[in-house]
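One file, structure_23.txt, carrying compact mmCIF, C-alpha atoms:
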# COMPACT_ATOMS: atom_id res chain seq x y z
CA MET V 1 0.00 0.00 0.00
CA ALA V 2 1.05 3.64 -0.06
CA VAL V 3 1.36 6.54 2.37
CA GLY V 4 -2.09 8.02 2.99
CA LEU V 5 -2.98 11.71 2.97
CA VAL V 6 -5.37 13.66 5.18
CA ILE V 7 -6.55 17.08 4.00
CA VAL V 8 -7.67 19.33 6.85
CA SER V 9 -9.54 22.49 5.90
CA HIS V 10 -11.98 24.90 7.52
CA SER V 11 -14.23 24.24 4.56
CA ALA V 12 -15.64 20.78 3.83
CA ARG V 13 -15.91 21.66 0.15
CA LEU V 14 -12.32 22.90 0.00
CA ALA V 15 -11.04 19.70 1.63
CA GLU V 16 -13.07 17.55 -0.75
CA GLY V 17 -11.93 19.62 -3.72
CA VAL V 18 -8.28 19.18 -2.80
CA VAL V 19 -8.86 15.44 -2.43
CA GLU V 20 -10.49 15.39 -5.86
CA LEU V 21 -7.64 17.33 -7.45
CA ALA V 22 -4.85 15.32 -5.83
CA GLY V 23 -6.68 12.07 -6.56
CA GLN V 24 -6.49 12.84 -10.26
CA MET V 25 -2.72 12.49 -9.98
CA SER V 26 -2.54 9.38 -7.83
CA HIS V 27 -4.92 7.18 -9.84
CA GLY V 28 -6.56 5.45 -6.91
CA ARG V 29 -3.27 4.23 -5.50
CA VAL V 30 -3.31 6.57 -2.49
CA ARG V 31 -5.84 6.88 0.30
CA LEU V 32 -6.83 10.55 0.28
CA VAL V 33 -9.21 11.57 3.04
CA ALA V 34 -10.91 14.94 3.56
CA ALA V 35 -11.42 16.35 7.06
CA GLY V 36 -13.15 19.66 6.40
CA GLY V 37 -15.54 21.80 8.43
CA THR V 38 -16.90 21.42 11.94
CA ASP V 39 -19.04 18.53 13.17
CA ASP V 40 -22.19 20.54 12.51
CA GLY V 41 -21.12 21.51 9.01
CA THR V 42 -20.05 25.12 9.58
CA LEU V 43 -16.67 26.60 8.62
CA GLY V 44 -14.03 25.46 11.09
CA THR V 45 -12.07 22.39 12.02
CA SER V 46 -12.99 19.29 13.97
CA LEU V 47 -10.66 17.14 16.04
CA ALA V 48 -13.01 14.18 15.66
CA LYS V 49 -13.01 14.48 11.87
CA VAL V 50 -9.21 14.69 11.76
CA LEU V 51 -8.81 11.65 14.02
CA SER V 52 -11.22 9.57 11.99
CA ALA V 53 -9.63 10.69 8.71
CA ILE V 54 -6.21 9.58 9.98
CA GLU V 55 -7.72 6.23 10.88
CA ILE V 56 -9.13 5.79 7.37
CA ALA V 57 -5.99 7.03 5.59
CA ASP V 58 -3.68 4.76 7.53
CA ALA V 59 -2.83 1.67 5.54
CA ALA V 60 0.25 0.84 7.61
CA ASP V 61 2.72 2.87 5.53
CA GLY V 62 2.01 6.11 7.34
CA VAL V 63 -0.08 9.23 6.93
CA ALA V 64 0.88 12.77 5.92
CA VAL V 65 -1.51 15.47 7.14
CA LEU V 66 -1.90 18.75 5.22
CA VAL V 67 -3.74 21.77 6.62
CA ASP V 68 -5.12 25.08 5.36
CA LEU V 69 -5.07 27.87 7.96
CA GLY V 70 -4.51 28.62 11.64
CA SER V 71 -6.69 26.34 13.70
CA ALA V 72 -6.39 23.51 11.17
CA GLY V 73 -2.72 23.19 12.14
CA LEU V 74 -3.51 23.42 15.85
CA VAL V 75 -6.26 20.81 15.63
CA ALA V 76 -4.03 18.51 13.58
CA GLU V 77 -1.30 18.83 16.21
CA MET V 78 -3.75 17.91 18.96
CA ALA V 79 -4.96 14.95 16.89
CA LEU V 80 -1.38 13.67 16.54
CA GLU V 81 -0.86 13.98 20.30
CA GLN V 82 -4.01 11.95 20.94
CA LEU V 83 -3.08 9.05 18.68
CA PRO V 84 -2.11 5.81 20.38
CA GLU V 85 1.67 5.50 20.82
CA ARG V 86 2.10 2.80 18.17
CA ARG V 87 0.43 4.94 15.53
CA ARG V 88 1.88 8.36 16.41
CA GLY V 89 5.29 7.57 14.93
CA HIS V 90 3.97 7.18 11.43
CA VAL V 91 1.61 10.14 11.19
CA ARG V 92 3.24 13.43 10.25
CA LEU V 93 2.07 17.01 9.91
CA CYS V 94 3.31 18.82 6.78
CA ASP V 95 4.19 22.51 6.79
CA ALA V 96 3.13 22.85 3.18
CA PRO V 97 0.85 24.81 0.85
CA LEU V 98 -2.44 22.91 0.74
CA VAL V 99 -3.10 22.50 -2.97
CA GLU V 100 0.41 22.11 -4.37
CA GLY V 101 1.48 20.16 -1.29
CA ALA V 102 -1.39 17.70 -1.64
CA VAL V 103 -0.84 17.18 -5.37
CA VAL V 104 2.92 16.66 -5.02
CA ALA V 105 2.45 14.42 -1.97
CA ALA V 106 -0.17 12.34 -3.78
CA ILE V 107 2.19 11.79 -6.72
CA GLU V 108 5.07 10.93 -4.40
CA ALA V 109 2.90 8.52 -2.40
CA SER V 110 1.50 6.90 -5.55
CA VAL V 111 4.97 5.76 -6.63
CA GLY V 112 5.52 4.05 -3.31
CA SER V 113 7.78 6.60 -1.62
CA THR V 114 8.31 6.50 2.13
CA LEU V 115 6.53 8.79 4.57
CA ASP V 116 9.69 10.89 4.95
CA GLN V 117 9.89 11.36 1.18
CA VAL V 118 6.20 12.24 0.89
CA VAL V 119 6.44 14.81 3.69
CA ALA V 120 9.61 16.32 2.21
CA ALA V 121 7.99 16.56 -1.23
CA ALA V 122 4.91 18.28 0.21
CA GLN V 123 7.04 20.77 2.13
CA ASP V 124 9.20 21.49 -0.92
CA ALA V 125 6.04 22.47 -2.78
CA ALA V 126 6.26 25.80 -0.93
CA HIS V 127 8.99 26.76 -3.41
CA LEU V 128 7.07 25.88 -6.57
CA LYS V 129 6.56 28.82 -8.93
CA LYS V 130 2.94 29.31 -9.88
CA ILE V 131 3.44 31.59 -12.81
CA ALA V 132 6.45 31.04 -15.01
CA ARG V 133 8.37 34.26 -15.46
CA ARG V 134 8.32 35.51 -19.04
CA THR V 135 11.77 36.15 -20.46
CA MET X 1 -12.88 29.54 52.66
CA ALA X 2 -10.87 27.90 49.89
CA PRO X 3 -12.64 27.61 46.53
CA ASP X 4 -14.06 24.12 46.14
CA ARG X 5 -15.58 22.14 43.31
CA ALA X 6 -18.87 24.03 43.60
CA CYS X 7 -17.01 27.33 43.13
CA VAL X 8 -15.27 25.99 40.03
CA LEU X 9 -18.57 24.76 38.57
CA ALA X 10 -20.22 28.10 39.34
CA TRP X 11 -17.31 29.93 37.65
CA LEU X 12 -17.73 27.79 34.54
CA ARG X 13 -21.47 28.52 34.47
CA ARG X 14 -20.88 32.25 34.88
CA SER X 15 -18.26 32.10 32.12
CA ALA X 16 -20.73 30.34 29.82
CA GLN X 17 -23.32 32.99 30.63
CA ALA X 18 -20.88 35.83 29.91
CA LEU X 19 -19.74 34.25 26.64
CA HIS X 20 -23.35 33.79 25.59
CA GLU X 21 -24.25 37.40 26.41
CA GLN X 22 -21.13 38.77 24.73
CA ARG X 23 -21.11 36.46 21.71
CA GLN X 24 -22.09 39.15 19.24
CA TYR X 25 -19.54 41.59 20.67
CA LEU X 26 -16.75 38.98 20.44
CA SER X 27 -17.72 38.06 16.90
CA ASP X 28 -17.85 41.73 15.91
CA LEU X 29 -14.32 42.25 17.28
CA ASP X 30 -13.23 39.17 15.36
CA ALA X 31 -14.95 40.30 12.15
CA ALA X 32 -12.72 43.39 12.14
CA ILE X 33 -9.46 41.43 12.06
CA GLY X 34 -10.34 37.76 11.67
CA ASP X 35 -13.04 35.41 10.49
CA GLY X 36 -15.79 36.85 12.67
CA ASP X 37 -16.77 33.70 14.52
CA HIS X 38 -15.05 33.94 17.91
CA GLY X 39 -18.22 34.72 19.87
CA ILE X 40 -20.33 32.13 18.10
CA ASN X 41 -17.58 29.52 18.48
CA MET X 42 -17.01 30.15 22.18
CA ASP X 43 -20.75 30.19 22.85
CA ARG X 44 -21.14 26.87 21.03
CA GLY X 45 -18.22 25.41 22.99
CA PHE X 46 -19.51 26.48 26.36
CA THR X 47 -23.06 25.40 25.58
CA ALA X 48 -21.54 21.95 25.08
CA VAL X 49 -19.55 22.37 28.32
CA LEU X 50 -22.76 23.14 30.26
CA ASP X 51 -24.22 19.88 28.95
CA LYS X 52 -21.19 17.97 30.23
CA LEU X 53 -20.96 19.52 33.71
CA PRO X 54 -23.69 17.42 35.41
CA ALA X 55 -21.73 14.26 34.58
CA VAL X 56 -18.65 15.56 36.45
CA ALA X 57 -20.49 17.35 39.27
CA GLU X 58 -19.03 14.91 41.82
CA ALA X 59 -15.56 14.70 40.26
CA ASP X 60 -12.37 16.39 41.46
CA ILE X 61 -11.46 19.83 40.14
CA GLY X 62 -8.78 18.49 37.79
CA THR X 63 -11.26 16.14 36.14
CA ILE X 64 -13.81 18.94 35.74
CA LEU X 65 -11.26 21.19 34.04
CA LYS X 66 -10.01 18.41 31.78
CA THR X 67 -13.58 17.66 30.74
CA VAL X 68 -14.00 21.32 29.80
CA GLY X 69 -10.78 21.12 27.75
CA THR X 70 -11.72 18.05 25.75
CA THR X 71 -15.21 19.42 25.14
CA LEU X 72 -13.84 22.73 23.82
CA VAL X 73 -11.33 21.03 21.54
CA SER X 74 -14.07 19.01 19.89
CA THR X 75 -16.81 21.63 19.67
CA VAL X 76 -15.39 25.15 19.21
CA GLY X 77 -14.23 24.77 15.59
CA GLY X 78 -11.82 27.74 15.47
CA ALA X 79 -8.31 28.25 16.82
CA SER X 80 -9.76 29.11 20.21
CA GLY X 81 -10.80 25.43 20.51
CA PRO X 82 -7.27 24.00 20.64
CA LEU X 83 -6.00 27.08 22.54
CA TYR X 84 -8.61 27.19 25.31
CA GLY X 85 -8.83 23.40 25.17
CA THR X 86 -5.11 23.07 25.87
CA ALA X 87 -5.36 25.72 28.63
CA PHE X 88 -8.11 23.80 30.46
CA LEU X 89 -6.44 20.42 29.88
CA ARG X 90 -3.12 21.67 31.30
CA ALA X 91 -4.82 23.38 34.25
CA GLY X 92 -6.77 20.17 34.89
CA THR X 93 -3.57 18.13 34.86
CA ALA X 94 -1.90 20.60 37.25
CA LEU X 95 -4.85 20.35 39.64
CA ALA X 96 -5.52 16.61 39.32
CA GLY X 97 -7.26 15.12 42.33
CA LYS X 98 -7.93 18.46 44.08
CA GLN X 99 -11.19 18.86 45.96
CA GLU X 100 -10.46 22.44 46.93
CA LEU X 101 -7.94 25.06 45.93
CA GLN X 102 -5.46 27.01 48.01
CA PRO X 103 -4.37 30.34 46.53
CA SER X 104 -1.15 28.68 45.37
CA ASP X 105 -3.23 26.04 43.57
CA VAL X 106 -5.14 28.72 41.69
CA ALA X 107 -1.79 30.23 40.66
CA LEU X 108 -0.59 26.79 39.59
CA GLY X 109 -3.68 26.28 37.43
CA MET X 110 -3.38 29.74 35.89
CA ASP X 111 0.29 29.21 35.13
CA ALA X 112 -0.42 25.86 33.50
CA ALA X 113 -3.20 27.39 31.39
CA LEU X 114 -0.96 30.25 30.26
CA GLU X 115 1.92 27.92 29.42
CA GLY X 116 -0.48 25.69 27.50
CA ILE X 117 -1.77 28.55 25.37
CA MET X 118 1.73 29.88 24.73
CA ALA X 119 3.00 26.44 23.74
CA ARG X 120 0.05 25.54 21.54
CA GLY X 121 0.00 28.91 19.77
CA ARG X 122 3.79 29.48 19.90
CA ALA X 123 2.78 32.88 21.21
CA GLN X 124 4.73 35.38 23.27
CA ARG X 125 3.50 38.53 24.96
CA GLY X 126 2.87 41.52 22.72
CA GLU X 127 1.59 39.60 19.67
CA LYS X 128 -2.05 40.67 20.00
CA THR X 129 -3.38 37.38 21.36
CA MET X 130 -5.07 35.83 24.41
CA VAL X 131 -1.62 35.82 26.03
CA ASP X 132 -1.67 39.62 26.30
CA ALA X 133 -4.61 39.47 28.72
CA LEU X 134 -3.83 36.22 30.50
CA ALA X 135 -0.12 36.75 31.20
CA PRO X 136 -0.50 40.06 33.10
CA ALA X 137 -3.51 38.61 34.94
CA VAL X 138 -1.45 35.64 36.15
CA ASP X 139 1.36 38.00 37.17
CA ALA X 140 -1.05 40.22 39.11
CA PHE X 141 -2.69 37.25 40.82
CA LYS X 142 0.63 35.84 41.97
CA ALA X 143 1.93 39.22 43.09
CA SER X 144 -1.20 39.71 45.15
CA ILE X 145 -1.17 36.35 46.93
CA ASN X 146 2.59 36.61 47.48
CA VAL X 147 1.99 39.65 49.71
CA GLY X 148 -0.72 37.75 51.56
CA GLN X 149 -3.81 39.38 50.11
CA PRO X 150 -7.03 37.35 50.19
CA VAL X 151 -7.95 35.37 47.07
CA ALA X 152 -10.89 37.68 46.30
CA ASP X 153 -8.52 40.66 46.11
CA ALA X 154 -6.04 38.70 44.03
CA LEU X 155 -8.79 37.76 41.58
CA GLU X 156 -9.85 41.40 41.34
CA ALA X 157 -6.24 42.36 40.62
CA ALA X 158 -6.02 39.63 38.00
CA ALA X 159 -9.21 40.73 36.24
CA ALA X 160 -8.12 44.37 36.26
CA ALA X 161 -4.67 43.50 34.88
CA GLY X 162 -6.27 41.30 32.23
CA GLU X 163 -8.56 44.10 31.11
CA GLN X 164 -5.63 46.49 30.95
CA GLY X 165 -3.74 43.93 28.86
CA MET X 166 -6.78 43.51 26.61
CA LEU X 167 -6.95 47.26 25.96
CA ALA X 168 -3.21 47.30 25.32
CA THR X 169 -3.76 44.94 22.35
CA ILE X 170 -5.53 47.73 20.42
CA PRO X 171 -2.44 49.43 18.95
CA LEU X 172 -0.56 46.15 18.38
CA VAL X 173 0.08 44.63 14.97
CA ALA X 174 -0.90 40.94 14.97
CA THR X 175 1.76 38.38 14.09
CA LYS X 176 -0.26 35.28 15.04
CA GLY X 177 -3.49 33.83 13.72
CA ARG X 178 -5.85 35.04 11.04
CA ALA X 179 -5.31 38.69 12.04
CA SER X 180 -1.65 38.44 11.00
CA TYR X 181 -2.78 38.26 7.36
CA LEU X 182 -3.92 41.86 7.76
CA GLY X 183 -0.45 43.00 8.77
CA GLU X 184 -0.35 46.67 9.77
CA ARG X 185 -4.11 46.94 9.24
CA SER X 186 -4.68 44.82 12.34
CA ALA X 187 -3.54 47.78 14.48
CA GLY X 188 -6.36 49.84 15.97
CA HIS X 189 -8.53 46.84 16.82
CA GLN X 190 -8.94 45.07 20.17
CA ASP X 191 -8.03 41.40 20.09
CA PRO X 192 -11.10 39.16 20.45
CA GLY X 193 -9.15 36.35 22.16
CA ALA X 194 -7.74 38.72 24.78
CA THR X 195 -11.29 39.98 25.25
CA SER X 196 -12.77 36.54 25.91
CA VAL X 197 -9.95 35.87 28.39
CA THR X 198 -11.16 38.84 30.45
CA LEU X 199 -14.67 37.39 30.57
CA PHE X 200 -13.28 34.25 32.24
CA LEU X 201 -11.27 36.39 34.66
CA ARG X 202 -14.25 38.57 35.62
CA ALA X 203 -16.41 35.50 36.04
CA MET X 204 -13.88 34.19 38.58
CA GLN X 205 -14.48 36.96 41.03
CA SER X 206 -18.10 37.90 40.57
CA GLY X 207 -20.69 36.21 42.77
CA ARG X 208 -18.19 34.99 45.34

Can I see the file as structure tokens?
Amino acid sequence: MAVGLVIVSHSARLAEGVVELAGQMSHGRVRLVAAGGTDDGTLGTSLAKVLSAIEIADAADGVAVLVDLGSAGLVAEMALEQLPERRRGHVRLCDAPLVEGAVVAAIEASVGSTLDQVVAAAQDAAHLKKIARRT
Amino acid sequence: MAPDRACVLAWLRRSAQALHEQRQYLSDLDAAIGDGDHGINMDRGFTAVLDKLPAVAEADIGTILKTVGTTLVSTVGGASGPLYGTAFLRAGTALAGKQELQPSDVALGMDAALEGIMARGRAQRGEKTMVDALAPAVDAFKASINVGQPVADALEAAAAAGEQGMLATIPLVATKGRASYLGERSAGHQDPGATSVTLFLRAMQSGR
């Protein structure tokens, strides 16, 4: 199996959209799980949703968690702290841009890279140029 | 008389009441420099806390505070969930097993809460956050009990220092949280998190 990805966003639709977009690149080989919005469907983040998404994404090769803004990172951190000891070691939080990070991580995971490689790829996505400079 | 479990429960109920009454004000402050949901989020969190309190009415003070923390983390939805959640969880851990609180215990709980918020948010003083109200309040409380003043006076000093700290956030430029995206434009607005901190502090000393 491959490293799984969890997409944490304040918006359920944004999280699902990122999953959709990244999934296009990983061709069903990577478990991509959205954890967007609060439990009652408003904008915000939910610890319970993040924990259950990690559970679903975890196919024994580890899970990389990507977040959008502010509280998403804080909630993800708390989720990691609450994981049982045996699982905590192979779930990692990425300091990465959400869209590019998820796409790059999904590609990396789909070719069977390790969790360290997937996390590094996601974090490197911060340096990707969006608009090529005209010369 | 030392504050006991009943005092802690009453404080939590008064805090919930204050957050409910001030929810629009807190959200309005947040709308100016953030996502405008601080009041609604805190009200939702403490409505859930009120539902949980009967189940821990006979528990020790540490357990009560930890229950508040876990409830906030799972119901608030914004950054204040993990931040207040961590504060209550740490305070609960510091006061595990306590049936009543000596002044030094209250200081211990406040210190743990402050350290929790600072660690979770990687926040220091002067960054236009909850820390700017809570840190001076903890200082004032400890200074007051260290010179032997009664707890009621120390709590008054803490609330007053917290409110002063809250007002001092107005000119600050935010470097943490959603407000930091506004950069210089965050100056001139009172921090909503520092404001909700003062509601908890005031609720500690009223009705005693």

Report task. For X:Thr63, work out the shell of residues within 12 Å, counting only C-alpha atoms and skipping chain neighbours fewer than 2 positions away, then give it as a ChimeraX atom specification. Result -> /X:5,8-9,52-53,55-61,65-70,88-99

Define the interface residues of chain X facing chain V as those within 6 Å, counting all atoms listed in the file, and report them as a compact mmCIF listing (two decimals) with C-alpha atoms, in the coordinates of the input.
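The result, written out as selection.txt:
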# COMPACT_ATOMS: atom_id res chain seq x y z
CA SER X 74 -14.07 19.01 19.89
CA GLY X 77 -14.23 24.77 15.59
CA GLY X 78 -11.82 27.74 15.47
CA ALA X 79 -8.31 28.25 16.82
CA GLY X 177 -3.49 33.83 13.72

Requested in this report: Tell me, in Å to one decimal, how far atom CA of X:Ala18 is from atom CA of X:Ala160.
Outcome: 16.6 Å

Near-V:Ala12 list (8 Å; only C-alpha atoms; drop same-chain fewer than 2 positions) as a tab-separated table (two decimals) with C-alpha atoms, keeping the file's coordinate frame:
chain	number	residue	atom	x	y	z
V	9	SER	CA	-9.54	22.49	5.90
V	10	HIS	CA	-11.98	24.90	7.52
V	14	LEU	CA	-12.32	22.90	0.00
V	15	ALA	CA	-11.04	19.70	1.63
V	16	GLU	CA	-13.07	17.55	-0.75
V	34	ALA	CA	-10.91	14.94	3.56
V	35	ALA	CA	-11.42	16.35	7.06
V	36	GLY	CA	-13.15	19.66	6.40
V	37	GLY	CA	-15.54	21.80	8.43
V	41	GLY	CA	-21.12	21.51	9.01
V	43	LEU	CA	-16.67	26.60	8.62

Query raised in the report: Do you know which residues are at most 9 Å from V:Gly112 counting all atoms listed in the file, after dropping those on the same chain fewer than 6 positions away, and could you put them as a ChimeraX atom specification?
Result: /V:1-3

Let me see the file: selected residues, C-alpha atoms, as a PDB file, in the frame of the given file.
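Contents of the output file again-v8.pdb:
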ATOM      1  CA  MET V   1       0.000   0.000   0.000  1.00  0.00           C
ATOM      2  CA  ALA V   2       1.050   3.640  -0.060  1.00  0.00           C
ATOM      3  CA  VAL V   3       1.360   6.540   2.370  1.00  0.00           C
TER       4      VAL V   3
END

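Taking all atoms listed in the file into account, those protein, DNA and RNA residues with any atom at most 12 Å away from (-9.5, 45.3, 41.0) amount to Ala137, Ala140, Phe141, Ser144, Val151, Ala152, Asp153, Ala154, Leu155, Glu156, Ala157, Ala158, Ala159, Ala160, Ala161, Gly162, Glu163, Gln164, Leu201, Arg202, Gln205 and Ser206 of chain X.
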
Report task. Using atom CA of V:Gly28 and atom CA of V:Gln123 as the two end points, give the distance in Å to one decimal. Result -> 22.4 Å

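If you measure from each of V:Val104, V:Val8, V:Val91, V:Ala122 to V:Val63 using only C-alpha atoms, the closest one turns out to be V:Val91.
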
Query raised in the report: Out of X:Ala107, X:Val76, X:Met42, X:Met166, which residue has the shortest atom-to-atom distance to X:Asn146 when counting all atoms listed in the file?
Result: X:Ala107

**Report entry** V:Val19 surroundings by all atoms listed in the file, 8 Å radius, close-in-sequence under 4 positions cut, as an MDAnalysis selection string
**Finding:** chainID V and resid 7 15 23 32:34 102

So for stretch 51-63 of chain X, what box centre and size do we get, axis-aligned, 5 Å extra on each of the six sides, every listed atom, Å to one decimal, as lines of an AutoDock Vina configuration file?
center_x = -16.5
center_y = 17.1
center_z = 35.4
size_x = 25.4
size_y = 15.6
size_z = 22.9

Query raised in the report: So how far away is atom CA of X:Asp51 from atom CA of X:Ala2, in Å?
Result: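 Pair atom CA of X:Ala2 / atom CA of X:Asp51 returns 26.1 Å.
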
**Report entry** Distance criterion (all atoms listed in the file): nearest to V:Ala105 out of V:Arg29, V:Ala126, V:Ala53, V:Ala64
**Finding:**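 Counting all atoms listed in the file, the residue closest to V:Ala105 is V:Ala64.
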
Requested in this report: Determine the nearest neighbour of X:Val131 from the options X:Gln24, X:Gln17, X:Thr86, X:Thr169, counting all atoms listed in the file.
Outcome: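 Residue with the minimum atom-to-atom distance to X:Val131: X:Thr169.
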
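Take the candidates V:Val6, V:Asp124, V:Ala22, V:Glu81 and check each one against V:Val103 using all atoms listed in the file; the shortest distance goes to V:Ala22.
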
Requested in this report: Identify which of the residues V:Leu128, V:Ile107, V:Leu51, V:Val30 lies closest to V:Leu5, counting only C-alpha atoms when measuring atom-to-atom distances.
Outcome: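 Using only C-alpha atoms, V:Leu5 sits closest to V:Val30.
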
Query raised in the report: Excluding same-chain residues fewer than 4 positions from X:Ile40, what lies within 9 Å of it counting only C-alpha atoms, as a ChimeraX atom specification?
Result: /X:19-20,23-24,26-27,36,44-45,76

**Report entry** Expected residue set, 7 Å radius at (7.9, 12.1, 10.0), only C-alpha atoms, as an MDAnalysis selection string
**Finding:** chainID V and resid 90:92 115:116
